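S.K.: My structure file work-v9.pdb, PDB, C-alpha atoms, is below:
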```pdb
MODEL        1
ATOM      1  CA  MET A 978     -18.729 -11.802  19.728
ATOM      2  CA  LYS A 979     -16.421  -9.790  21.969
ATOM      3  CA  LYS A 980     -13.639 -12.357  21.629
ATOM      4  CA  ASN A 981     -14.037 -12.498  17.849
ATOM      5  CA  VAL A 982     -14.070  -8.712  17.554
ATOM      6  CA  GLY A 983     -11.050  -8.442  19.843
ATOM      7  CA  THR A 984      -9.128 -11.068  17.862
ATOM      8  CA  THR A 985     -10.027  -9.471  14.540
ATOM      9  CA  GLU A 986      -9.057  -6.053  15.876
ATOM     10  CA  ARG A 987      -5.700  -7.415  17.072
ATOM     11  CA  VAL A 988      -5.043  -9.019  13.681
ATOM     12  CA  ILE A 989      -5.961  -5.804  11.857
ATOM     13  CA  ARG A 990      -3.737  -3.752  14.164
ATOM     14  CA  ALA A 991      -0.882  -6.210  13.653
ATOM     15  CA  ILE A 992      -1.242  -6.035   9.856
ATOM     16  CA  VAL A 993      -1.524  -2.243   9.899
ATOM     17  CA  GLY A 994       1.530  -2.070  12.149
ATOM     18  CA  LEU A 995       3.578  -4.277   9.827
ATOM     19  CA  VAL A 996       2.494  -2.254   6.792
ATOM     20  CA  ALA A 997       3.334   0.991   8.596
ATOM     21  CA  LEU A 998       6.783  -0.338   9.549
ATOM     22  CA  GLY A 999       7.395  -1.514   5.986
ATOM     23  CA  ALA A1000       6.365   1.870   4.600
ATOM     24  CA  ALA A1001       8.538   3.689   7.144
ATOM     25  CA  PHE A1002      11.609   1.593   6.302
ATOM     26  CA  THR A1003      10.925   2.064   2.577
ATOM     27  CA  VAL A1004      10.716   5.852   2.990
ATOM     28  CA  LEU A1005      13.860   5.882   5.143
ATOM     29  CA  GLY A1006      15.653   3.756   2.543
ATOM     30  CA  VAL A1007      14.628   6.093  -0.274
ATOM     31  CA  LEU A1008      15.626   9.190   1.700
ATOM     32  CA  GLU A1009      18.958   7.626   2.674
ATOM     33  CA  GLY A1010      19.558   6.570  -0.927
ATOM     34  CA  ALA A1011      18.734  10.070  -2.174
ATOM     35  CA  THR A1012      20.978  11.651   0.462
ATOM     36  CA  LEU A1013      23.926   9.345  -0.220
ATOM     37  CA  GLY A1014      22.961   9.309  -3.924
TER      38      GLY A1014
ENDMDL
END
```
For the file at hand, write its structure as structure tokens.
M.R.:
Amino acid sequence: MKKNVGTTERVIRAIVGLVALGAAFTVLGVLEGATLG
């Protein structure tokens, strides 16, 4: 149980981290595009 929970938690954190990074880069890209616009 502990191993499964730990693995699942790691996977969830990894996915959340990737999504957060993607969102951050998207926001930065939009802001940069608007600034350079």
S.K.: Between atom CA of A:Leu998 and atom CA of A:Gly983, what is the distance, to one decimal in Å?
M.R.: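 Those two atoms sit 22.1 Å apart.
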S.K.: Have a look at atom CA of A:Leu1005 and atom CA of A:Ile992 and let me know their distance in Å, one decimal.
M.R.: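 These two atoms are separated by 19.8 Å.
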S.K.: What is the atom CA of A:Val1007-atom CA of A:Ile989 distance in Å, reported with one decimal?
M.R.: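 That distance, rounded to one decimal, is 26.7 Å.
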S.K.: Output stretch 984-997 of chain A as a JSON list (two decimals), in the frame of the given file, making sure N, CA and C atoms are there.
M.R.:
```json
[["chain", "number", "residue", "atom", "x", "y", "z"],
["A", 984, "THR", "N", -10.14, -10.36, 18.66],
["A", 984, "THR", "CA", -9.13, -11.07, 17.86],
["A", 984, "THR", "C", -8.96, -10.40, 16.51],
["A", 985, "THR", "N", -10.08, -10.11, 15.86],
["A", 985, "THR", "CA", -10.03, -9.47, 14.54],
["A", 985, "THR", "C", -9.33, -8.12, 14.64],
["A", 986, "GLU", "N", -9.66, -7.37, 15.68],
["A", 986, "GLU", "CA", -9.06, -6.05, 15.88],
["A", 986, "GLU", "C", -7.55, -6.19, 16.07],
["A", 987, "ARG", "N", -7.14, -7.20, 16.84],
["A", 987, "ARG", "CA", -5.70, -7.42, 17.07],
["A", 987, "ARG", "C", -5.00, -7.75, 15.76],
["A", 988, "VAL", "N", -5.63, -8.62, 14.96],
["A", 988, "VAL", "CA", -5.04, -9.02, 13.68],
["A", 988, "VAL", "C", -4.91, -7.81, 12.77],
["A", 989, "ILE", "N", -5.98, -7.00, 12.71],
["A", 989, "ILE", "CA", -5.96, -5.80, 11.86],
["A", 989, "ILE", "C", -4.86, -4.86, 12.32],
["A", 990, "ARG", "N", -4.78, -4.65, 13.63],
["A", 990, "ARG", "CA", -3.74, -3.75, 14.16],
["A", 990, "ARG", "C", -2.35, -4.28, 13.85],
["A", 991, "ALA", "N", -2.18, -5.60, 13.95],
["A", 991, "ALA", "CA", -0.88, -6.21, 13.65],
["A", 991, "ALA", "C", -0.51, -5.99, 12.19],
["A", 992, "ILE", "N", -1.49, -6.21, 11.29],
["A", 992, "ILE", "CA", -1.24, -6.04, 9.86],
["A", 992, "ILE", "C", -0.93, -4.57, 9.56],
["A", 993, "VAL", "N", -1.74, -3.68, 10.11],
["A", 993, "VAL", "CA", -1.52, -2.24, 9.90],
["A", 993, "VAL", "C", -0.15, -1.84, 10.42],
["A", 994, "GLY", "N", 0.23, -2.38, 11.57],
["A", 994, "GLY", "CA", 1.53, -2.07, 12.15],
["A", 994, "GLY", "C", 2.66, -2.53, 11.25],
["A", 995, "LEU", "N", 2.54, -3.75, 10.72],
["A", 995, "LEU", "CA", 3.58, -4.28, 9.83],
["A", 995, "LEU", "C", 3.67, -3.43, 8.57],
["A", 996, "VAL", "N", 2.52, -3.07, 8.01],
["A", 996, "VAL", "CA", 2.49, -2.25, 6.79],
["A", 996, "VAL", "C", 3.12, -0.89, 7.07],
["A", 997, "ALA", "N", 2.78, -0.32, 8.22],
["A", 997, "ALA", "CA", 3.33, 0.99, 8.60],
["A", 997, "ALA", "C", 4.85, 0.91, 8.73]]
```
